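Heads up, structure-v2.txt below (compact mmCIF, C-alpha atoms and all ligand atoms):
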```txt
# COMPACT_ATOMS: atom_id res chain seq x y z
CA MET A 1 0.00 0.00 0.00
CA THR A 2 1.37 3.45 -0.83
CA SER A 3 1.79 5.94 1.99
CA PRO A 4 0.38 9.47 1.91
CA SER A 5 3.89 10.86 1.47
CA GLU A 6 4.47 8.60 -1.55
CA GLU A 7 1.18 9.74 -3.05
CA LEU A 8 2.12 13.36 -2.43
CA SER A 9 5.53 13.01 -4.04
CA HIS A 10 3.97 11.23 -6.99
CA LEU A 11 1.58 14.18 -7.47
CA SER A 12 4.49 16.57 -7.08
CA SER A 13 6.61 14.76 -9.69
CA LYS A 14 3.75 15.14 -12.19
CA GLY A 15 3.28 18.86 -11.47
CA LEU A 16 -0.10 18.03 -9.96
CA LEU A 17 0.44 18.89 -6.32
CA ARG A 18 -2.06 21.40 -4.96
CA SER A 19 -1.74 23.44 -1.81
CA LEU A 20 -3.62 26.22 -0.06
CA ARG A 21 -2.64 29.88 -0.09
CA GLU A 22 -3.70 31.84 2.95
CA VAL A 23 -5.71 34.93 2.05
CA SER A 24 -5.94 37.70 4.63
CA SER A 25 -8.23 40.09 2.80
CA PRO A 26 -10.55 39.52 -0.16
CA HIS A 27 -11.80 42.88 -1.38
CA PRO A 28 -12.65 42.61 -5.07
CA PRO A 29 -10.95 43.26 -7.32
CA PHE A 30 -8.04 42.92 -4.87
CA ILE A 31 -6.89 40.05 -2.72
CA THR A 32 -4.14 40.03 -0.11
CA ILE A 33 -1.88 37.00 0.09
CA ALA A 34 1.23 36.92 2.26
CA ASP A 35 0.96 40.66 2.86
CA ARG A 36 0.88 41.39 -0.86
CA GLU A 37 -2.09 43.03 -2.49
CA LEU A 38 -2.77 41.36 -5.83
CA LEU A 39 -5.32 42.03 -8.53
CA ASN A 40 -7.66 39.09 -8.34
CA PHE A 41 -8.52 37.46 -11.67
CA SER A 42 -9.42 34.12 -10.12
CA SER A 43 -12.76 34.39 -8.35
CA ASN A 44 -16.24 33.58 -9.64
CA ASP A 45 -17.65 36.70 -7.97
CA TYR A 46 -18.57 38.00 -11.43
CA LEU A 47 -20.46 41.05 -10.21
CA GLY A 48 -18.44 41.73 -7.06
CA LEU A 49 -21.52 41.05 -4.92
CA SER A 50 -19.69 39.22 -2.13
CA GLN A 51 -18.77 42.62 -0.67
CA HIS A 52 -21.98 44.46 -1.60
CA PRO A 53 -23.55 46.47 1.25
CA ALA A 54 -27.06 45.15 0.46
CA LEU A 55 -25.92 41.55 0.89
CA ILE A 56 -23.90 42.29 4.01
CA GLU A 57 -26.85 44.12 5.53
CA ALA A 58 -29.29 41.31 4.74
CA ALA A 59 -26.92 38.70 6.18
CA THR A 60 -26.33 40.80 9.30
CA ARG A 61 -30.04 41.26 9.84
CA ALA A 62 -30.58 37.51 9.48
CA LEU A 63 -27.81 36.85 12.02
CA HIS A 64 -29.66 39.03 14.51
CA ASP A 65 -33.09 37.63 13.71
CA TYR A 66 -32.25 33.93 13.33
CA GLY A 67 -28.86 33.38 14.95
CA THR A 68 -25.81 31.80 13.39
CA GLY A 69 -27.04 28.33 12.54
CA ALA A 70 -30.18 26.47 11.48
CA THR A 71 -29.43 23.73 14.05
CA ALA A 72 -31.12 20.87 12.19
CA SER A 73 -32.21 19.49 8.87
CA ARG A 74 -35.08 21.36 7.23
CA LEU A 75 -37.23 18.24 7.77
CA VAL A 76 -36.57 18.19 11.50
CA CYS A 77 -37.03 21.77 12.68
CA GLY A 78 -34.95 23.99 10.47
CA SER A 79 -37.24 24.99 7.60
CA LEU A 80 -37.02 28.72 8.23
CA ASP A 81 -39.35 31.06 6.37
CA LEU A 82 -36.24 32.66 4.87
CA TYR A 83 -35.48 29.52 2.81
CA HIS A 84 -39.07 29.41 1.61
CA ARG A 85 -38.89 33.06 0.45
CA LEU A 86 -35.54 32.34 -1.23
CA GLU A 87 -36.92 29.27 -3.01
CA GLU A 88 -40.00 31.15 -4.19
CA LYS A 89 -37.71 33.83 -5.57
CA ILE A 90 -35.52 31.29 -7.35
CA ALA A 91 -38.52 29.44 -8.80
CA HIS A 92 -40.00 32.70 -10.04
CA GLY A 93 -36.73 33.72 -11.71
CA LYS A 94 -36.47 30.28 -13.35
CA LYS A 95 -40.14 30.30 -14.46
CA ALA A 96 -40.48 26.99 -12.62
CA GLU A 97 -43.15 25.84 -10.19
CA ALA A 98 -40.76 25.29 -7.31
CA ALA A 99 -37.17 25.23 -6.15
CA LEU A 100 -35.12 23.63 -3.41
CA THR A 101 -31.91 24.95 -1.87
CA PHE A 102 -28.90 23.09 -0.54
CA ALA A 103 -25.73 23.89 1.38
CA ASN A 104 -23.79 24.40 -1.88
CA GLY A 105 -23.82 23.49 -5.55
CA TYR A 106 -21.88 20.29 -4.98
CA ALA A 107 -24.45 19.08 -2.45
CA THR A 108 -27.21 20.02 -4.88
CA ALA A 109 -25.81 17.76 -7.62
CA ILE A 110 -24.94 14.90 -5.27
CA GLY A 111 -28.35 15.04 -3.63
CA THR A 112 -30.60 15.54 -6.62
CA ILE A 113 -29.21 13.45 -9.48
CA PRO A 114 -29.21 10.12 -7.59
CA ALA A 115 -32.78 10.93 -6.49
CA LEU A 116 -33.92 11.53 -10.08
CA VAL A 117 -32.47 8.42 -11.72
CA GLY A 118 -31.41 4.97 -10.58
CA LYS A 119 -30.02 1.68 -11.84
CA ASP A 120 -32.64 1.07 -14.53
CA ASP A 121 -32.11 4.53 -15.98
CA THR A 122 -29.60 6.33 -18.20
CA ILE A 123 -27.58 9.50 -17.70
CA ILE A 124 -26.11 11.18 -20.77
CA LEU A 125 -23.39 13.59 -19.73
CA ASP A 126 -21.21 16.12 -21.57
CA LYS A 127 -17.55 15.10 -21.40
CA LEU A 128 -16.53 18.44 -19.84
CA ALA A 129 -19.22 18.48 -17.16
CA HIS A 130 -18.18 19.62 -13.68
CA ALA A 131 -16.82 17.11 -11.15
CA CYS A 132 -19.95 17.32 -8.99
CA LEU A 133 -22.12 16.24 -11.93
CA ILE A 134 -19.81 13.32 -12.71
CA ASP A 135 -19.70 12.24 -9.06
CA ALA A 136 -23.46 12.50 -8.78
CA ALA A 137 -23.97 10.51 -11.98
CA LYS A 138 -21.73 7.72 -10.67
CA LEU A 139 -23.46 7.73 -7.30
CA SER A 140 -26.88 7.36 -8.95
CA GLY A 141 -26.09 3.86 -10.25
CA ALA A 142 -27.69 4.75 -13.60
CA THR A 143 -25.99 3.67 -16.83
CA LEU A 144 -23.59 6.49 -17.57
CA ARG A 145 -22.98 7.52 -21.19
CA VAL A 146 -20.68 10.39 -22.04
CA PHE A 147 -20.75 12.43 -25.26
CA PRO A 148 -17.80 14.47 -26.57
CA HIS A 149 -18.10 18.12 -25.56
CA ASN A 150 -21.15 19.71 -27.23
CA ASP A 151 -21.31 16.90 -29.84
CA LEU A 152 -24.98 16.81 -30.85
CA ASN A 153 -24.62 13.85 -33.24
CA LYS A 154 -23.21 11.67 -30.53
CA LEU A 155 -25.79 12.93 -28.06
CA GLU A 156 -28.55 11.91 -30.45
CA LYS A 157 -27.02 8.45 -30.94
CA LEU A 158 -26.92 7.96 -27.19
CA LEU A 159 -30.51 9.15 -26.84
CA ASN A 160 -31.52 6.66 -29.48
CA SER A 161 -30.16 3.72 -27.52
CA SER A 162 -30.90 4.80 -23.95
CA LYS A 163 -32.95 2.74 -21.51
CA GLY A 164 -35.32 3.72 -18.72
CA ARG A 165 -35.71 7.29 -17.60
CA THR A 166 -33.11 9.31 -19.50
CA LEU A 167 -31.45 12.37 -18.01
CA ILE A 168 -29.26 14.62 -20.15
CA ILE A 169 -26.85 16.62 -17.97
CA THR A 170 -24.86 19.58 -19.19
CA GLU A 171 -23.74 23.08 -18.28
CA SER A 172 -24.85 26.35 -19.81
CA VAL A 173 -21.43 28.04 -19.54
CA PHE A 174 -18.60 25.56 -19.04
CA SER A 175 -16.57 26.26 -15.94
CA MET A 176 -13.06 25.82 -17.32
CA ASP A 177 -13.57 26.85 -20.97
CA GLY A 178 -16.18 29.58 -20.77
CA ASP A 179 -18.01 28.33 -23.85
CA ARG A 180 -21.72 27.55 -24.00
CA CYS A 181 -23.72 24.44 -24.70
CA PRO A 182 -25.94 24.53 -27.82
CA LEU A 183 -28.99 24.74 -25.59
CA ALA A 184 -31.68 25.22 -28.24
CA ASP A 185 -30.49 22.12 -30.14
CA ILE A 186 -30.28 20.07 -26.97
CA VAL A 187 -33.84 21.07 -26.09
CA THR A 188 -34.99 19.95 -29.56
CA LEU A 189 -33.30 16.58 -29.06
CA LYS A 190 -34.55 16.05 -25.54
CA GLU A 191 -38.10 16.73 -26.70
CA LYS A 192 -37.72 14.45 -29.73
CA TYR A 193 -36.61 11.54 -27.52
CA GLY A 194 -38.71 12.29 -24.43
CA ALA A 195 -35.65 12.69 -22.23
CA LEU A 196 -35.24 14.94 -19.21
CA LEU A 197 -32.79 17.84 -19.27
CA PHE A 198 -30.71 18.93 -16.28
CA LEU A 199 -28.84 22.20 -16.86
CA ASP A 200 -26.17 23.46 -14.49
CA GLU A 201 -26.16 27.27 -14.75
CA ALA A 202 -23.39 27.80 -12.14
CA HIS A 203 -21.43 30.19 -14.37
CA ALA A 204 -24.34 31.82 -16.19
CA VAL A 205 -26.42 33.01 -13.25
CA GLY A 206 -25.77 36.70 -12.71
CA VAL A 207 -24.07 36.92 -16.08
CA LEU A 208 -26.57 36.07 -18.85
CA GLY A 209 -30.23 36.81 -19.44
CA PRO A 210 -32.31 39.98 -19.13
CA ASN A 211 -32.64 39.41 -15.37
CA GLY A 212 -29.32 37.64 -14.90
CA GLN A 213 -30.99 34.24 -14.57
CA GLY A 214 -28.68 32.51 -17.04
CA LEU A 215 -28.52 31.08 -20.54
CA ALA A 216 -31.98 29.50 -20.47
CA GLU A 217 -33.47 32.89 -19.63
CA GLU A 218 -31.43 34.58 -22.36
CA LEU A 219 -32.79 32.10 -24.94
CA SER A 220 -36.33 32.03 -23.46
CA LEU A 221 -35.97 28.27 -22.99
CA GLN A 222 -36.65 28.02 -19.27
CA PRO A 223 -40.08 26.37 -19.66
CA HIS A 224 -38.43 23.59 -21.71
CA LEU A 225 -35.98 22.58 -19.00
CA ASP A 226 -36.82 19.95 -16.40
CA PHE A 227 -34.10 20.85 -13.92
CA GLN A 228 -32.29 24.17 -13.59
CA MET A 229 -29.39 23.96 -11.18
CA GLY A 230 -27.44 26.90 -9.83
CA THR A 231 -25.03 27.92 -7.13
CA LEU A 232 -25.59 30.82 -4.77
CA GLY A 233 -21.85 31.01 -4.18
CA LYS A 234 -20.50 32.47 -7.41
CA ALA A 235 -22.06 35.57 -8.99
CA LEU A 236 -24.61 35.66 -6.16
CA GLY A 237 -21.79 36.25 -3.68
CA SER A 238 -23.22 34.04 -0.94
CA ALA A 239 -23.12 30.26 -0.53
CA GLY A 240 -25.59 27.50 -1.32
CA GLY A 241 -27.00 25.65 -4.28
CA SER A 242 -30.42 25.43 -5.89
CA LEU A 243 -32.51 23.33 -8.17
CA ALA A 244 -35.68 24.60 -9.84
CA ALA A 245 -38.21 22.13 -11.27
CA SER A 246 -41.88 21.19 -11.23
CA ARG A 247 -43.65 20.99 -7.87
CA GLU A 248 -43.82 17.20 -8.09
CA TRP A 249 -40.11 16.76 -8.71
CA ILE A 250 -39.29 19.11 -5.85
CA ASP A 251 -41.66 17.24 -3.52
CA LEU A 252 -39.92 14.03 -4.50
CA LEU A 253 -36.49 15.56 -3.85
CA ILE A 254 -37.60 16.66 -0.38
CA ASN A 255 -38.26 12.97 0.23
CA LYS A 256 -35.26 11.48 -1.56
CA ALA A 257 -32.31 13.88 -1.85
CA ARG A 258 -29.95 12.60 0.83
CA SER A 259 -27.76 15.72 0.98
CA PHE A 260 -30.95 17.64 1.76
CA ILE A 261 -32.50 15.22 4.24
CA TYR A 262 -29.44 14.25 6.24
CA SER A 263 -27.74 17.61 6.50
CA THR A 264 -28.23 20.66 8.68
CA ALA A 265 -29.89 23.47 6.76
CA PRO A 266 -27.53 26.19 5.49
CA ALA A 267 -26.84 29.19 7.74
CA PRO A 268 -29.82 31.58 7.62
CA SER A 269 -27.48 34.51 6.92
CA GLN A 270 -26.32 32.73 3.77
CA ALA A 271 -29.89 32.41 2.51
CA ALA A 272 -30.57 36.07 3.34
CA ALA A 273 -27.52 37.21 1.39
CA ALA A 274 -28.56 35.10 -1.61
CA LEU A 275 -32.07 36.54 -1.51
CA ALA A 276 -30.64 40.07 -1.44
CA ALA A 277 -28.40 39.17 -4.39
CA LEU A 278 -31.38 37.91 -6.40
CA ASN A 279 -33.28 41.12 -5.68
CA LEU A 280 -30.25 43.10 -6.77
CA LEU A 281 -29.90 41.13 -10.02
CA GLU A 282 -33.24 42.36 -11.32
CA SER A 283 -32.72 45.98 -10.19
CA PRO A 284 -31.29 48.77 -12.39
CA GLU A 285 -28.05 48.37 -10.42
CA GLY A 286 -27.92 44.67 -11.34
CA GLN A 287 -28.44 45.62 -14.97
CA LYS A 288 -25.59 48.13 -14.74
CA LEU A 289 -23.22 45.60 -13.15
CA ARG A 290 -24.00 43.04 -15.86
CA GLN A 291 -23.36 45.68 -18.52
CA LYS A 292 -20.03 46.56 -16.91
CA LEU A 293 -19.11 42.88 -16.84
CA GLN A 294 -20.06 42.56 -20.52
CA ASP A 295 -17.87 45.57 -21.35
CA ASN A 296 -14.97 43.93 -19.53
CA ILE A 297 -15.60 40.67 -21.39
CA ALA A 298 -15.64 42.60 -24.68
CA SER A 299 -12.34 44.31 -23.96
CA PHE A 300 -10.86 40.81 -23.55
CA LYS A 301 -12.56 39.76 -26.82
CA ALA A 302 -13.98 36.84 -24.84
CA SER A 303 -17.43 35.27 -24.92
CA SER A 304 -17.86 34.86 -21.16
CA PRO A 305 -16.16 36.02 -17.96
CA ILE A 306 -14.13 32.79 -18.03
CA VAL A 307 -11.08 33.20 -20.25
CA PRO A 308 -8.90 30.11 -20.58
CA VAL A 309 -5.33 30.44 -21.82
CA ILE A 310 -4.43 26.88 -22.69
CA LEU A 311 -0.72 26.16 -22.28
CA GLY A 312 -0.61 22.34 -22.32
CA GLU A 313 1.98 21.19 -19.81
CA ASN A 314 1.36 21.46 -16.07
CA GLU A 315 4.76 23.03 -15.43
CA THR A 316 4.20 25.67 -18.13
CA ALA A 317 0.87 26.70 -16.64
CA LEU A 318 2.32 26.79 -13.13
CA ALA A 319 5.27 28.91 -14.27
CA ALA A 320 2.97 31.35 -16.10
CA SER A 321 0.77 31.67 -13.03
CA GLN A 322 3.82 32.24 -10.80
CA ASN A 323 5.15 34.83 -13.23
CA LEU A 324 1.85 36.76 -13.16
CA LEU A 325 1.84 36.53 -9.37
CA GLU A 326 5.21 38.23 -9.27
CA LYS A 327 3.74 41.00 -11.43
CA GLY A 328 0.84 41.44 -9.01
CA PHE A 329 -1.93 39.36 -10.63
CA LEU A 330 -3.64 36.32 -9.17
CA VAL A 331 -4.48 34.03 -12.10
CA PRO A 332 -4.67 30.34 -11.22
CA ALA A 333 -3.11 27.46 -13.15
CA ILE A 334 -5.73 24.78 -13.74
CA ARG A 335 -4.53 21.22 -14.20
CA TYR A 336 -5.73 17.64 -14.48
CA PRO A 337 -8.14 16.31 -13.27
CA THR A 338 -10.03 19.61 -13.31
CA VAL A 339 -9.26 19.77 -17.06
CA PRO A 340 -8.18 16.95 -19.42
CA ARG A 341 -4.51 15.92 -19.43
CA GLY A 342 -2.32 18.02 -21.73
CA THR A 343 -4.64 21.05 -21.52
CA ALA A 344 -3.27 22.75 -18.41
CA ARG A 345 -4.14 26.40 -18.54
CA LEU A 346 -4.42 29.78 -16.94
CA ARG A 347 -8.03 30.49 -16.06
CA ILE A 348 -8.72 34.21 -16.01
CA THR A 349 -12.06 35.27 -14.58
CA LEU A 350 -13.38 38.75 -15.18
CA SER A 351 -15.67 40.70 -12.90
CA ALA A 352 -17.69 43.88 -12.97
CA ALA A 353 -15.39 44.94 -10.12
CA HIS A 354 -12.42 45.21 -12.52
CA SER A 355 -11.69 48.57 -14.13
CA GLN A 356 -10.67 48.87 -17.78
CA GLU A 357 -7.18 49.94 -16.62
CA GLN A 358 -6.82 46.81 -14.51
CA ILE A 359 -7.83 44.64 -17.44
CA LYS A 360 -5.36 46.41 -19.72
CA ALA A 361 -2.62 45.90 -17.13
CA LEU A 362 -3.32 42.16 -17.09
CA GLN A 363 -3.32 41.99 -20.88
CA LYS A 364 0.04 43.71 -20.95
CA ALA A 365 1.44 41.31 -18.34
CA LEU A 366 0.14 38.31 -20.32
C1 LIG B 1 -18.67 25.63 -8.78
C2 LIG B 1 -19.53 24.72 -9.56
C3 LIG B 1 -20.45 23.89 -8.91
C4 LIG B 1 -20.49 23.74 -7.43
O1 LIG B 1 -21.09 24.81 -6.79
P1 LIG B 1 -20.62 25.18 -5.33
O2 LIG B 1 -21.71 26.03 -4.80
O3 LIG B 1 -19.32 25.87 -5.45
O4 LIG B 1 -20.49 23.89 -4.56
C5 LIG B 1 -21.31 23.16 -9.70
N1 LIG B 1 -21.25 23.19 -11.04
C6 LIG B 1 -20.36 23.96 -11.68
C7 LIG B 1 -20.36 23.97 -13.16
C8 LIG B 1 -19.47 24.73 -10.97
O5 LIG B 1 -18.56 25.46 -11.61
```
As structure tokens - that is how I would like this structure written.
Ligand SMILES: *Cc1c(COP(=O)(O)O)cnc(C)c1O
Amino acid sequence: MTSPSEELSHLSSKGLLRSLREVSSPHPPFITIADRELLNFSSNDYLGLSQHPALIEAATRALHDYGTGATASRLVCGSLDLYHRLEEKIAHGKKAEAALTFANGYATAIGTIPALVGKDDTIILDKLAHACLIDAAKLSGATLRVFPHNDLNKLEKLLNSSKGRTLIITESVFSMDGDRCPLADIVTLKEKYGALLFLDEAHAVGVLGPNGQGLAEELSLQPHLDFQMGTLGKALGSAGGSLAASREWIDLLINKARSFIYSTAPAPSQAAAALAALNLLESPEGQKLRQKLQDNIASFKASSPIVPVILGENETALAASQNLLEKGFLVPAIRYPTVPRGTARLRITLSAAHSQEQIKALQKAL
């Protein structure tokens, strides 16, 4: 049996060792690490909401009104009115009948997918889907079929030969590439074959759509989706995860989603901050922040706030990231298994909190 130290040195020899960097102050667009203030191009706080006064005030008020913790599972005694208001808000934004919230996006995937399909069913998953979707698919026990990234022909072939309840799982904006799924075509296929569609909007919420609800809202496709997943921890600046669906599916999840049933409800302050963020998204200020983000995306000639710079080798990506760090920019190197082998990269994330000057400075450094 290999020891932990052998495993660690093996990772290190492959350029795959990861370690934590202690952050003493995160104030977008800056971040302080080891007493150095860096420009942060690594967070998913696309609108800078994690430091917004409206969110801080809502969370503070909830701390006073509800205390620091929910103390039990929602099914035991912790189903605070705050979660119900938050879920109504999410459902409304998603044009769905109902929604359910979880401690985070990971717990949402792990809890919901195995409750939706089981061993007699089929999951059809995009090759570049997020780790939590892959883990959830494996946990479900359903037959797992994977199609090459955004490959509609292969998706249709798999739909043609699937058994049982069939769940297509993909992302609207892919987390490490920043590109989109061909949602309208996927909806056409799912309807043709009577499959269910599960869309993870983690990186599109706050960014796309007239009210910042995501790609499905932008394309007016929300009513065609069976499951709209999101995180409250990225552009919404809080923490938590959500799934919007029909009332019946949500009622079933309340009975079957193990990460919901067997887990203490999220901190009330976290739900309050998320609710404030959702209110902000549809306000004129939300509109303005999204426009500012779009301007920043345009000045990078990118198609989303996620800008990958693919370098190939792990060591190359690590060296580039280190080099930028020395110049005052935090841009992470992303390696296997987060991305496929041989596609190590810098992952730049843009935010409405960045100024044009800061973006130009990064471009110059790159
Ligand atoms: C970050 C992420 C998640 C997980 O959400 P958390 O709230 O951070 O747990 C799920 N899906 C995608 C695509 C993500 O990027």
Nearest residue to ligand LIG 1 (chain B) out of A:Ala245, A:Ile134, A:Leu155, A:Ala273, using all atoms listed in the file?
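Looking only at the distances to ligand LIG 1 (chain B), the closest residue turns out to be A:Ile134.
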Residues near Leu100 in chain A, anyone? I mean within 6 Å using all atoms listed in the file, not counting same-chain ones fewer than 3 positions away, as number ranges by chain.
A: 87, 242-243
Go through A:Phe329, A:Phe41, A:Tyr106, A:Trp249 one by one, measure the shortest atom-to-atom distance of each to ligand LIG 1 (chain B) using only C-alpha atoms and all ligand atoms, and give the residue with the smallest value.
A:Tyr106
Quick one: everything within 9 Å of range 157-174 of chain A, counting all atoms listed in the file, minus sequence neighbours fewer than 6 positions away in the same chain. Send it as a PyMOL selection string.
chain A and resi 113+116-130+133+143+145-147+150+180-183+186+189-190+193-204+214-216+304+306
Same residues, C-alpha atoms, output as a JSON list (two decimals), in the frame of the given file:
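Below is the file that was written, again_31.json:
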```
[["chain", "number", "residue", "atom", "x", "y", "z"],
["A", 113, "ILE", "CA", -29.21, 13.45, -9.48],
["A", 116, "LEU", "CA", -33.92, 11.53, -10.08],
["A", 117, "VAL", "CA", -32.47, 8.42, -11.72],
["A", 118, "GLY", "CA", -31.41, 4.97, -10.58],
["A", 119, "LYS", "CA", -30.02, 1.68, -11.84],
["A", 120, "ASP", "CA", -32.64, 1.07, -14.53],
["A", 121, "ASP", "CA", -32.11, 4.53, -15.98],
["A", 122, "THR", "CA", -29.60, 6.33, -18.20],
["A", 123, "ILE", "CA", -27.58, 9.50, -17.70],
["A", 124, "ILE", "CA", -26.11, 11.18, -20.77],
["A", 125, "LEU", "CA", -23.39, 13.59, -19.73],
["A", 126, "ASP", "CA", -21.21, 16.12, -21.57],
["A", 127, "LYS", "CA", -17.55, 15.10, -21.40],
["A", 128, "LEU", "CA", -16.53, 18.44, -19.84],
["A", 129, "ALA", "CA", -19.22, 18.48, -17.16],
["A", 130, "HIS", "CA", -18.18, 19.62, -13.68],
["A", 133, "LEU", "CA", -22.12, 16.24, -11.93],
["A", 143, "THR", "CA", -25.99, 3.67, -16.83],
["A", 145, "ARG", "CA", -22.98, 7.52, -21.19],
["A", 146, "VAL", "CA", -20.68, 10.39, -22.04],
["A", 147, "PHE", "CA", -20.75, 12.43, -25.26],
["A", 150, "ASN", "CA", -21.15, 19.71, -27.23],
["A", 180, "ARG", "CA", -21.72, 27.55, -24.00],
["A", 181, "CYS", "CA", -23.72, 24.44, -24.70],
["A", 182, "PRO", "CA", -25.94, 24.53, -27.82],
["A", 183, "LEU", "CA", -28.99, 24.74, -25.59],
["A", 186, "ILE", "CA", -30.28, 20.07, -26.97],
["A", 189, "LEU", "CA", -33.30, 16.58, -29.06],
["A", 190, "LYS", "CA", -34.55, 16.05, -25.54],
["A", 193, "TYR", "CA", -36.61, 11.54, -27.52],
["A", 194, "GLY", "CA", -38.71, 12.29, -24.43],
["A", 195, "ALA", "CA", -35.65, 12.69, -22.23],
["A", 196, "LEU", "CA", -35.24, 14.94, -19.21],
["A", 197, "LEU", "CA", -32.79, 17.84, -19.27],
["A", 198, "PHE", "CA", -30.71, 18.93, -16.28],
["A", 199, "LEU", "CA", -28.84, 22.20, -16.86],
["A", 200, "ASP", "CA", -26.17, 23.46, -14.49],
["A", 201, "GLU", "CA", -26.16, 27.27, -14.75],
["A", 202, "ALA", "CA", -23.39, 27.80, -12.14],
["A", 203, "HIS", "CA", -21.43, 30.19, -14.37],
["A", 204, "ALA", "CA", -24.34, 31.82, -16.19],
["A", 214, "GLY", "CA", -28.68, 32.51, -17.04],
["A", 215, "LEU", "CA", -28.52, 31.08, -20.54],
["A", 216, "ALA", "CA", -31.98, 29.50, -20.47],
["A", 304, "SER", "CA", -17.86, 34.86, -21.16],
["A", 306, "ILE", "CA", -14.13, 32.79, -18.03]]
```
Shortest interatomic distance to Glu97 in chain A - which of A:Leu225, A:Ala239, A:Leu280, A:Ala271, counting only C-alpha atoms
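Among the listed residues, the smallest separation from Glu97 in chain A belongs to A:Leu225.
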Compare A:Leu63, A:Ile56, A:Ala107, A:Leu219 by their minimum atom-to-atom distance to ligand LIG 1 (chain B), counting all atoms listed in the file, and give me the closest one.
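When distances to ligand LIG 1 (chain B) are compared using all atoms listed in the file, the smallest one comes from A:Ala107.
Using all atoms listed in the file, the shortest contact distance between ligand LIG 1 (chain B) and any of A:Lys364, A:Lys234, A:Arg18, A:Arg290 is found at A:Lys234.
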Would you compute, for all listed atoms of range 109-118 of chain A, the axis-aligned bounding box grown by 8 Å on each side, and then report its centre and edge lengths in Å rounded to one decimal, as JSON?
```
{"center_x": -29.4, "center_y": 11.4, "center_z": -7.7, "size_x": 25.0, "size_y": 28.8, "size_z": 24.1}
```
Selection near Lys256 in chain A, 10 Å with only C-alpha atoms, sequence-local residues under 2 positions removed, as number ranges by chain
A: 111-112, 114-116, 250-254, 258-261
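Take the candidates A:Gln228, A:Asn323, A:Thr264, A:Gln291 and check each one against ligand LIG 1 (chain B) using all atoms listed in the file; the shortest distance goes to A:Gln228.
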Could I get range 290-294 of chain A rebuilt with all heavy atoms, written as a PDB file, in the coordinates of the input?
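Writing done, so here's selection13.pdb:
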```
ATOM      1  N   ARG A 290     -24.123  44.020 -14.762  1.00  0.00           N
ATOM      2  CA  ARG A 290     -24.000  43.040 -15.860  1.00  0.00           C
ATOM      3  C   ARG A 290     -23.438  43.709 -17.111  1.00  0.00           C
ATOM      4  O   ARG A 290     -22.633  43.131 -17.839  1.00  0.00           O
ATOM      5  CB  ARG A 290     -25.340  42.389 -16.175  1.00  0.00           C
ATOM      6  CG  ARG A 290     -25.624  41.188 -15.312  1.00  0.00           C
ATOM      7  CD  ARG A 290     -26.717  40.305 -15.880  1.00  0.00           C
ATOM      8  NE  ARG A 290     -27.989  41.000 -16.015  1.00  0.00           N
ATOM      9  CZ  ARG A 290     -28.771  41.322 -14.985  1.00  0.00           C
ATOM     10  NH1 ARG A 290     -28.412  41.040 -13.769  1.00  0.00           N
ATOM     11  NH2 ARG A 290     -29.915  41.945 -15.180  1.00  0.00           N
ATOM     12  N   GLN A 291     -23.876  44.967 -17.357  1.00  0.00           N
ATOM     13  CA  GLN A 291     -23.360  45.680 -18.520  1.00  0.00           C
ATOM     14  C   GLN A 291     -21.863  45.936 -18.371  1.00  0.00           C
ATOM     15  O   GLN A 291     -21.084  45.744 -19.313  1.00  0.00           O
ATOM     16  CB  GLN A 291     -24.120  47.010 -18.718  1.00  0.00           C
ATOM     17  CG  GLN A 291     -23.782  47.721 -20.012  1.00  0.00           C
ATOM     18  CD  GLN A 291     -23.934  46.815 -21.240  1.00  0.00           C
ATOM     19  OE1 GLN A 291     -24.980  46.193 -21.437  1.00  0.00           O
ATOM     20  NE2 GLN A 291     -22.878  46.696 -22.048  1.00  0.00           N
ATOM     21  N   LYS A 292     -21.450  46.300 -17.164  1.00  0.00           N
ATOM     22  CA  LYS A 292     -20.030  46.560 -16.910  1.00  0.00           C
ATOM     23  C   LYS A 292     -19.234  45.273 -17.119  1.00  0.00           C
ATOM     24  O   LYS A 292     -18.156  45.277 -17.731  1.00  0.00           O
ATOM     25  CB  LYS A 292     -19.862  47.092 -15.479  1.00  0.00           C
ATOM     26  CG  LYS A 292     -18.439  47.351 -15.074  1.00  0.00           C
ATOM     27  CD  LYS A 292     -18.271  48.702 -14.364  1.00  0.00           C
ATOM     28  CE  LYS A 292     -16.795  49.004 -14.151  1.00  0.00           C
ATOM     29  NZ  LYS A 292     -16.291  48.411 -12.898  1.00  0.00           N
ATOM     30  N   LEU A 293     -19.779  44.165 -16.638  1.00  0.00           N
ATOM     31  CA  LEU A 293     -19.110  42.880 -16.840  1.00  0.00           C
ATOM     32  C   LEU A 293     -18.995  42.575 -18.331  1.00  0.00           C
ATOM     33  O   LEU A 293     -17.937  42.168 -18.822  1.00  0.00           O
ATOM     34  CB  LEU A 293     -19.889  41.758 -16.127  1.00  0.00           C
ATOM     35  CG  LEU A 293     -19.365  40.339 -16.357  1.00  0.00           C
ATOM     36  CD1 LEU A 293     -17.951  40.179 -15.817  1.00  0.00           C
ATOM     37  CD2 LEU A 293     -20.289  39.302 -15.699  1.00  0.00           C
ATOM     38  N   GLN A 294     -20.099  42.815 -19.075  1.00  0.00           N
ATOM     39  CA  GLN A 294     -20.060  42.560 -20.520  1.00  0.00           C
ATOM     40  C   GLN A 294     -19.026  43.438 -21.212  1.00  0.00           C
ATOM     41  O   GLN A 294     -18.330  42.991 -22.126  1.00  0.00           O
ATOM     42  CB  GLN A 294     -21.446  42.754 -21.162  1.00  0.00           C
ATOM     43  CG  GLN A 294     -22.471  41.669 -20.807  1.00  0.00           C
ATOM     44  CD  GLN A 294     -22.008  40.251 -21.126  1.00  0.00           C
ATOM     45  OE1 GLN A 294     -21.216  40.023 -22.041  1.00  0.00           O
ATOM     46  NE2 GLN A 294     -22.478  39.272 -20.344  1.00  0.00           N
TER      47      GLN A 294
END
```
